[in-house]
>>> print(open('input-v1.pdb').read())   # PDB, C-alpha atoms and all ligand atoms
ATOM      1  CA  MET K   1       0.908   2.610 -22.647
ATOM      2  CA  GLU K   2      -0.133   5.368 -20.247
ATOM      3  CA  ASP K   3       2.255   6.532 -17.519
ATOM      4  CA  ILE K   4       1.640   8.441 -14.301
ATOM      5  CA  CYS K   5       4.489   9.436 -11.982
ATOM      6  CA  PHE K   6       4.371  10.719  -8.426
ATOM      7  CA  LEU K   7       7.091  11.966  -6.116
ATOM      8  CA  VAL K   8       6.582  10.536  -2.640
ATOM      9  CA  GLN K   9       8.433  11.692   0.456
ATOM     10  CA  GLY K  10       9.719   8.645   2.303
ATOM     11  CA  SER K  11      12.360   8.214   4.982
ATOM     12  CA  ALA K  12      15.177   9.304   2.639
ATOM     13  CA  GLU K  13      15.887  12.977   2.043
ATOM     14  CA  GLU K  14      15.213  12.668  -1.683
ATOM     15  CA  PRO K  15      11.567  11.808  -2.529
ATOM     16  CA  TYR K  16      10.972   8.420  -4.165
ATOM     17  CA  LYS K  17       9.666   8.280  -7.708
ATOM     18  CA  VAL K  18       6.589   6.071  -7.993
ATOM     19  CA  THR K  19       5.538   5.203 -11.538
ATOM     20  CA  PHE K  20       2.388   3.447 -12.704
ATOM     21  CA  LYS K  21       1.924   2.200 -16.238
ATOM     22  CA  LYS K  22      -1.380   1.053 -17.635
ATOM     23  CA  ASN K  23      -0.558  -1.809 -19.950
ATOM     24  CA  GLY K  24      -3.769  -3.108 -21.535
ATOM     25  CA  SER K  25      -5.700  -4.773 -18.713
ATOM     26  CA  ASN K  26      -2.737  -4.825 -16.348
ATOM     27  CA  ILE K  27      -0.953  -2.244 -14.206
ATOM     28  CA  LEU K  28       2.790  -2.093 -13.742
ATOM     29  CA  ALA K  29       4.148  -0.144 -10.800
ATOM     30  CA  TYR K  30       7.684   0.870  -9.922
ATOM     31  CA  CYS K  31       9.153   2.688  -6.949
ATOM     32  CA  THR K  32      12.694   3.914  -6.382
ATOM     33  CA  CYS K  33      12.655   3.098  -2.637
ATOM     34  CA  PRO K  34      14.916   0.199  -1.495
ATOM     35  CA  ALA K  35      12.038  -2.322  -1.252
ATOM     36  CA  GLY K  36      10.608  -1.239  -4.593
ATOM     37  CA  MET K  37      13.993  -1.504  -6.298
ATOM     38  CA  HIS K  38      14.194  -5.126  -5.104
ATOM     39  CA  GLY K  39      10.727  -5.950  -6.408
ATOM     40  CA  GLN K  40       9.299  -6.288  -2.908
ATOM     41  CA  HIS K  41       6.098  -4.924  -1.424
ATOM     42  CA  CYS K  42       6.387  -1.217  -0.759
ATOM     43  CA  LYS K  43       3.917   1.032   0.983
ATOM     44  CA  HIS K  44       4.425   3.905  -1.490
ATOM     45  CA  ARG K  45       2.833   2.008  -4.400
ATOM     46  CA  PHE K  46       0.322   0.304  -2.121
ATOM     47  CA  ARG K  47      -0.976   3.570  -0.626
ATOM     48  CA  ILE K  48      -1.537   5.142  -4.045
ATOM     49  CA  LEU K  49      -3.296   2.021  -5.367
ATOM     50  CA  ASP K  50      -5.477   2.257  -2.269
ATOM     51  CA  GLY K  51      -6.437   5.800  -3.337
ATOM     52  CA  ARG K  52      -4.429   7.640  -0.683
ATOM     53  CA  ASP K  53      -2.344  10.709  -1.508
ATOM     54  CA  ASP K  54      -0.463  11.141   1.792
ATOM     55  CA  GLY K  55       3.254  11.645   1.248
ATOM     56  CA  ILE K  56       2.899  12.798  -2.359
ATOM     57  CA  VAL K  57       4.968  15.932  -2.919
ATOM     58  CA  SER K  58       4.486  16.300  -6.690
ATOM     59  CA  ASP K  59       1.622  18.549  -7.802
ATOM     60  CA  ASN K  60      -0.526  15.769  -9.313
ATOM     61  CA  LYS K  61      -2.275  14.330  -6.240
ATOM     62  CA  ASP K  62      -5.530  14.366  -8.242
ATOM     63  CA  GLU K  63      -4.095  11.684 -10.539
ATOM     64  CA  VAL K  64      -4.222   9.134  -7.666
ATOM     65  CA  MET K  65      -7.877   8.618  -8.579
ATOM     66  CA  ILE K  66      -6.905   7.876 -12.197
ATOM     67  CA  VAL K  67      -4.449   5.185 -11.057
ATOM     68  CA  LYS K  68      -7.113   3.770  -8.742
ATOM     69  CA  SER K  69      -9.570   3.645 -11.646
ATOM     70  CA  TRP K  70      -7.050   1.596 -13.676
ATOM     71  CA  LEU K  71      -7.266  -1.144 -11.033
ATOM     72  CA  ARG K  72     -10.714  -2.457 -11.919
ATOM     73  CA  GLY K  73     -10.601  -6.028 -13.170
ATOM     74  CA  THR K  74      -6.806  -6.387 -13.029
ATOM     75  CA  ASP K  75      -4.772  -9.099 -11.308
ATOM     76  CA  VAL K  76      -3.305  -6.284  -9.206
ATOM     77  CA  GLU K  77      -6.789  -5.493  -7.870
ATOM     78  CA  ALA K  78      -7.328  -9.117  -6.812
ATOM     79  CA  ALA K  79      -3.900  -9.318  -5.147
ATOM     80  CA  LEU K  80      -4.453  -5.949  -3.460
ATOM     81  CA  HIS K  81      -7.799  -7.112  -2.038
ATOM     82  CA  GLU K  82      -6.067 -10.184  -0.643
ATOM     83  CA  VAL K  83      -3.484  -8.007   1.143
ATOM     84  CA  VAL K  84      -6.185  -5.693   2.544
ATOM     85  CA  GLU K  85      -8.182  -8.712   3.770
ATOM     86  CA  LYS K  86      -5.122 -10.309   5.420
ATOM     87  CA  GLU K  87      -4.272  -7.016   7.122
ATOM     88  CA  ARG K  88      -7.826  -6.889   8.467
ATOM     89  CA  VAL K  89      -7.488 -10.454   9.802
ATOM     90  CA  LEU K  90      -4.076  -9.611  11.311
ATOM     91  CA  GLU K  91      -5.546  -6.572  13.068
ATOM     92  CA  LYS K  92      -8.320  -8.769  14.539
ATOM     93  CA  VAL K  93      -5.761 -11.375  15.710
ATOM     94  CA  LYS K  94      -3.685  -8.605  17.343
ATOM     95  CA  GLN K  95      -6.770  -7.413  19.253
ATOM     96  CA  ASP K  96      -7.632 -10.991  20.288
ATOM     97  CA  LEU K  97      -4.048 -11.604  21.421
ATOM     98  CA  SER K  98      -4.049  -8.412  23.442
ATOM     99  CA  ALA K  99      -7.345  -9.433  25.108
ATOM    100  CA  ALA K 100      -5.976 -12.930  25.821
ATOM    101  CA  LYS K 101      -2.833 -11.458  27.432
ATOM    102  CA  LYS K 102      -4.959  -9.175  29.622
ATOM    103  CA  LYS K 103      -7.056 -12.176  30.623
ATOM    104  CA  LEU K 104      -3.901 -14.132  31.502
ATOM    105  CA  ALA K 105      -2.635 -11.255  33.614
ATOM    106  CA  ARG K 106      -6.019 -11.017  35.392
ATOM    107  CA  THR K 107      -6.070 -14.783  35.972
ATOM    108  CA  MET K 108      -2.691 -14.628  37.717
ATOM    109  CA  LYS K 109      -3.860 -11.999  40.220
ATOM    110  CA  GLU K 110      -5.399 -13.628  43.335
TER     111      GLU K 110
HETATM  112 ZN    ZN K 201       8.421   2.421  -2.408
END
>>> encode(input="input-v1.pdb", output="structure tokens")
Amino acid sequence: MEDICFLVQGSAEEPYKVTFKKNGSNILAYCTCPAGMHGQHCKHRFRILDGRDDGIVSDNKDEVMIVKSWLRGTDVEAALHEVVEKERVLEKVKQDLSAAKKKLARTMKE
């Protein structure tokens, strides 16, 4: 089993430790932030899986691409795509809602 660890600066003073383990055709990911410790979605793991290195304070930012390459064909990749797609839909709904509110406001003026 291969391991890659990153230190990520979050809202706490102490950086969070984000660990990825390649386990055969699956990826395990852990984070020491409160959400991660409770097994919930956390942006620290998500960002790295998405290939982004913002917030990483350890000197191995280049290893983000290795973690991203582990994704191919895993259940994590499929679940990650679903989240990205839903976020895209949510963004579109937010824009539509904003436009509808503006229209309502316009409709109420003379
Ligand atoms: Zn986290």
>>> resolve_selection(input="input-v1.pdb", expression="the PyMOL selection byres (((chain K and resi 76) around 10) and not hetatm)", output="PyMOL selection string")
chain K and resi 25-29+49+70-75+77-82
>>> residues_near_ligand(input="input-v1.pdb", ligand="ligand ZN 201 (chain K)", cutoff="12 Å", atoms="all atoms listed in the file", output="PyMOL selection string")
chain K and resi 6-12+15-20+29-48+55-56
>>> atom_distance(input="input-v1.pdb", atom1="CA of Ala100 in chain K", atom2="CA of Glu85 in chain K")
22.6 Å
>>> axis_aligned_box(input="input-v1.pdb", around="range 44-59 of chain K", padding_each_side="5 Å", output="lines of an AutoDock Vina configuration file")
center_x = -0.7
center_y = 9.4
center_z = -3.0
size_x = 21.4
size_y = 28.2
size_z = 19.6
>>> atom_distance(input="input-v1.pdb", atom1="CA of Arg88 in chain K", atom2="CA of Lys102 in chain K")
21.5 Å
>>> atom_distance(input="input-v1.pdb", atom1="CA of Met1 in chain K", atom2="CA of Asp50 in chain K")
21.4 Å
>>> resolve_selection(input="input-v1.pdb", expression="the PyMOL selection byres (((chain K and resi 2) around 9) and not hetatm)", output="list in words")
Met1, Asp3, Ile4, Phe20, Lys21, Lys22 and Asn23 of chain K
>>> residues_around(input="input-v1.pdb", residues="Asp62 in chain K", least_positions_apart="5", cutoff="10 Å", atoms="all atoms listed in the file", output="ChimeraX atom specification")
/K:51,53,67
>>> write_last_selection(input="input-v1.pdb", atoms="C-alpha atoms", output="PDB file, keeping the file's coordinate frame")
ATOM      1  CA  GLY K  51      -6.437   5.800  -3.337  1.00  0.00           C
ATOM      2  CA  ASP K  53      -2.344  10.709  -1.508  1.00  0.00           C
ATOM      3  CA  VAL K  67      -4.449   5.185 -11.057  1.00  0.00           C
TER       4      VAL K  67
END
>>> build_atoms(input="input-v1.pdb", residues="range 30-63 of chain K", atoms="N, CA and C atoms", output="PDB file, keeping the file's coordinate frame")
ATOM      1  N   TYR K  30       6.281   0.844 -10.333  1.00  0.00           N
ATOM      2  CA  TYR K  30       7.684   0.870  -9.922  1.00  0.00           C
ATOM      3  C   TYR K  30       7.871   1.933  -8.858  1.00  0.00           C
ATOM      4  N   CYS K  31       8.825   1.684  -7.962  1.00  0.00           N
ATOM      5  CA  CYS K  31       9.153   2.688  -6.949  1.00  0.00           C
ATOM      6  C   CYS K  31      10.656   2.660  -6.760  1.00  0.00           C
ATOM      7  N   THR K  32      11.243   3.834  -6.533  1.00  0.00           N
ATOM      8  CA  THR K  32      12.694   3.914  -6.382  1.00  0.00           C
ATOM      9  C   THR K  32      13.150   3.727  -4.937  1.00  0.00           C
ATOM     10  N   CYS K  33      12.236   3.370  -4.018  1.00  0.00           N
ATOM     11  CA  CYS K  33      12.655   3.098  -2.637  1.00  0.00           C
ATOM     12  C   CYS K  33      13.389   1.749  -2.614  1.00  0.00           C
ATOM     13  N   PRO K  34      14.147   1.452  -1.526  1.00  0.00           N
ATOM     14  CA  PRO K  34      14.916   0.199  -1.495  1.00  0.00           C
ATOM     15  C   PRO K  34      14.055  -1.052  -1.719  1.00  0.00           C
ATOM     16  N   ALA K  35      12.904  -1.141  -1.070  1.00  0.00           N
ATOM     17  CA  ALA K  35      12.038  -2.322  -1.252  1.00  0.00           C
ATOM     18  C   ALA K  35      11.552  -2.409  -2.704  1.00  0.00           C
ATOM     19  N   GLY K  36      11.115  -1.272  -3.225  1.00  0.00           N
ATOM     20  CA  GLY K  36      10.608  -1.239  -4.593  1.00  0.00           C
ATOM     21  C   GLY K  36      11.668  -1.631  -5.607  1.00  0.00           C
ATOM     22  N   MET K  37      12.899  -1.194  -5.382  1.00  0.00           N
ATOM     23  CA  MET K  37      13.993  -1.504  -6.298  1.00  0.00           C
ATOM     24  C   MET K  37      14.302  -2.993  -6.298  1.00  0.00           C
ATOM     25  N   HIS K  38      13.958  -3.682  -5.199  1.00  0.00           N
ATOM     26  CA  HIS K  38      14.194  -5.126  -5.104  1.00  0.00           C
ATOM     27  C   HIS K  38      12.944  -5.932  -5.438  1.00  0.00           C
ATOM     28  N   GLY K  39      11.943  -5.257  -5.993  1.00  0.00           N
ATOM     29  CA  GLY K  39      10.727  -5.950  -6.408  1.00  0.00           C
ATOM     30  C   GLY K  39       9.875  -6.446  -5.259  1.00  0.00           C
ATOM     31  N   GLN K  40      10.090  -5.874  -4.065  1.00  0.00           N
ATOM     32  CA  GLN K  40       9.299  -6.288  -2.908  1.00  0.00           C
ATOM     33  C   GLN K  40       8.124  -5.346  -2.690  1.00  0.00           C
ATOM     34  N   HIS K  41       7.239  -5.750  -1.774  1.00  0.00           N
ATOM     35  CA  HIS K  41       6.098  -4.924  -1.424  1.00  0.00           C
ATOM     36  C   HIS K  41       6.605  -3.589  -0.889  1.00  0.00           C
ATOM     37  N   CYS K  42       6.039  -2.500  -1.369  1.00  0.00           N
ATOM     38  CA  CYS K  42       6.387  -1.217  -0.759  1.00  0.00           C
ATOM     39  C   CYS K  42       5.146  -0.393  -0.564  1.00  0.00           C
ATOM     40  N   LYS K  43       5.121   0.307   0.581  1.00  0.00           N
ATOM     41  CA  LYS K  43       3.917   1.032   0.983  1.00  0.00           C
ATOM     42  C   LYS K  43       3.620   2.211   0.057  1.00  0.00           C
ATOM     43  N   HIS K  44       4.644   2.728  -0.635  1.00  0.00           N
ATOM     44  CA  HIS K  44       4.425   3.905  -1.490  1.00  0.00           C
ATOM     45  C   HIS K  44       3.479   3.583  -2.643  1.00  0.00           C
ATOM     46  N   ARG K  45       3.719   2.429  -3.302  1.00  0.00           N
ATOM     47  CA  ARG K  45       2.833   2.008  -4.400  1.00  0.00           C
ATOM     48  C   ARG K  45       1.481   1.595  -3.849  1.00  0.00           C
ATOM     49  N   PHE K  46       1.525   0.852  -2.730  1.00  0.00           N
ATOM     50  CA  PHE K  46       0.322   0.304  -2.121  1.00  0.00           C
ATOM     51  C   PHE K  46      -0.662   1.416  -1.731  1.00  0.00           C
ATOM     52  N   ARG K  47      -0.123   2.468  -1.079  1.00  0.00           N
ATOM     53  CA  ARG K  47      -0.976   3.570  -0.626  1.00  0.00           C
ATOM     54  C   ARG K  47      -1.693   4.234  -1.801  1.00  0.00           C
ATOM     55  N   ILE K  48      -0.950   4.462  -2.886  1.00  0.00           N
ATOM     56  CA  ILE K  48      -1.537   5.142  -4.045  1.00  0.00           C
ATOM     57  C   ILE K  48      -2.598   4.253  -4.693  1.00  0.00           C
ATOM     58  N   LEU K  49      -2.306   2.950  -4.803  1.00  0.00           N
ATOM     59  CA  LEU K  49      -3.296   2.021  -5.367  1.00  0.00           C
ATOM     60  C   LEU K  49      -4.551   1.982  -4.500  1.00  0.00           C
ATOM     61  N   ASP K  50      -4.373   2.246  -3.210  1.00  0.00           N
ATOM     62  CA  ASP K  50      -5.477   2.257  -2.269  1.00  0.00           C
ATOM     63  C   ASP K  50      -6.206   3.608  -2.298  1.00  0.00           C
ATOM     64  N   GLY K  51      -5.757   4.519  -3.162  1.00  0.00           N
ATOM     65  CA  GLY K  51      -6.437   5.800  -3.337  1.00  0.00           C
ATOM     66  C   GLY K  51      -6.008   6.879  -2.371  1.00  0.00           C
ATOM     67  N   ARG K  52      -4.885   6.658  -1.677  1.00  0.00           N
ATOM     68  CA  ARG K  52      -4.429   7.640  -0.683  1.00  0.00           C
ATOM     69  C   ARG K  52      -3.304   8.496  -1.254  1.00  0.00           C
ATOM     70  N   ASP K  53      -3.351   9.800  -0.944  1.00  0.00           N
ATOM     71  CA  ASP K  53      -2.344  10.709  -1.508  1.00  0.00           C
ATOM     72  C   ASP K  53      -1.364  11.234  -0.450  1.00  0.00           C
ATOM     73  N   ASP K  54      -1.392  10.646   0.770  1.00  0.00           N
ATOM     74  CA  ASP K  54      -0.463  11.141   1.792  1.00  0.00           C
ATOM     75  C   ASP K  54       0.982  10.833   1.381  1.00  0.00           C
ATOM     76  N   GLY K  55       1.836  11.812   1.583  1.00  0.00           N
ATOM     77  CA  GLY K  55       3.254  11.645   1.248  1.00  0.00           C
ATOM     78  C   GLY K  55       3.605  12.135  -0.148  1.00  0.00           C
ATOM     79  N   ILE K  56       2.604  12.350  -0.995  1.00  0.00           N
ATOM     80  CA  ILE K  56       2.899  12.798  -2.359  1.00  0.00           C
ATOM     81  C   ILE K  56       3.310  14.270  -2.346  1.00  0.00           C
ATOM     82  N   VAL K  57       4.483  14.550  -2.902  1.00  0.00           N
ATOM     83  CA  VAL K  57       4.968  15.932  -2.919  1.00  0.00           C
ATOM     84  C   VAL K  57       4.975  16.533  -4.324  1.00  0.00           C
ATOM     85  N   SER K  58       4.640  15.743  -5.343  1.00  0.00           N
ATOM     86  CA  SER K  58       4.486  16.300  -6.690  1.00  0.00           C
ATOM     87  C   SER K  58       3.089  16.929  -6.770  1.00  0.00           C
ATOM     88  N   ASP K  59       2.871  17.779  -7.782  1.00  0.00           N
ATOM     89  CA  ASP K  59       1.622  18.549  -7.802  1.00  0.00           C
ATOM     90  C   ASP K  59       0.489  17.834  -8.559  1.00  0.00           C
ATOM     91  N   ASN K  60       0.500  16.512  -8.569  1.00  0.00           N
ATOM     92  CA  ASN K  60      -0.526  15.769  -9.313  1.00  0.00           C
ATOM     93  C   ASN K  60      -1.299  14.791  -8.426  1.00  0.00           C
ATOM     94  N   LYS K  61      -1.535  15.185  -7.182  1.00  0.00           N
ATOM     95  CA  LYS K  61      -2.275  14.330  -6.240  1.00  0.00           C
ATOM     96  C   LYS K  61      -3.599  13.853  -6.826  1.00  0.00           C
ATOM     97  N   ASP K  62      -4.220  14.709  -7.660  1.00  0.00           N
ATOM     98  CA  ASP K  62      -5.530  14.366  -8.242  1.00  0.00           C
ATOM     99  C   ASP K  62      -5.443  13.141  -9.158  1.00  0.00           C
ATOM    100  N   GLU K  63      -4.243  12.829  -9.640  1.00  0.00           N
ATOM    101  CA  GLU K  63      -4.095  11.684 -10.539  1.00  0.00           C
ATOM    102  C   GLU K  63      -4.111  10.339  -9.803  1.00  0.00           C
TER     103      GLU K  63
END
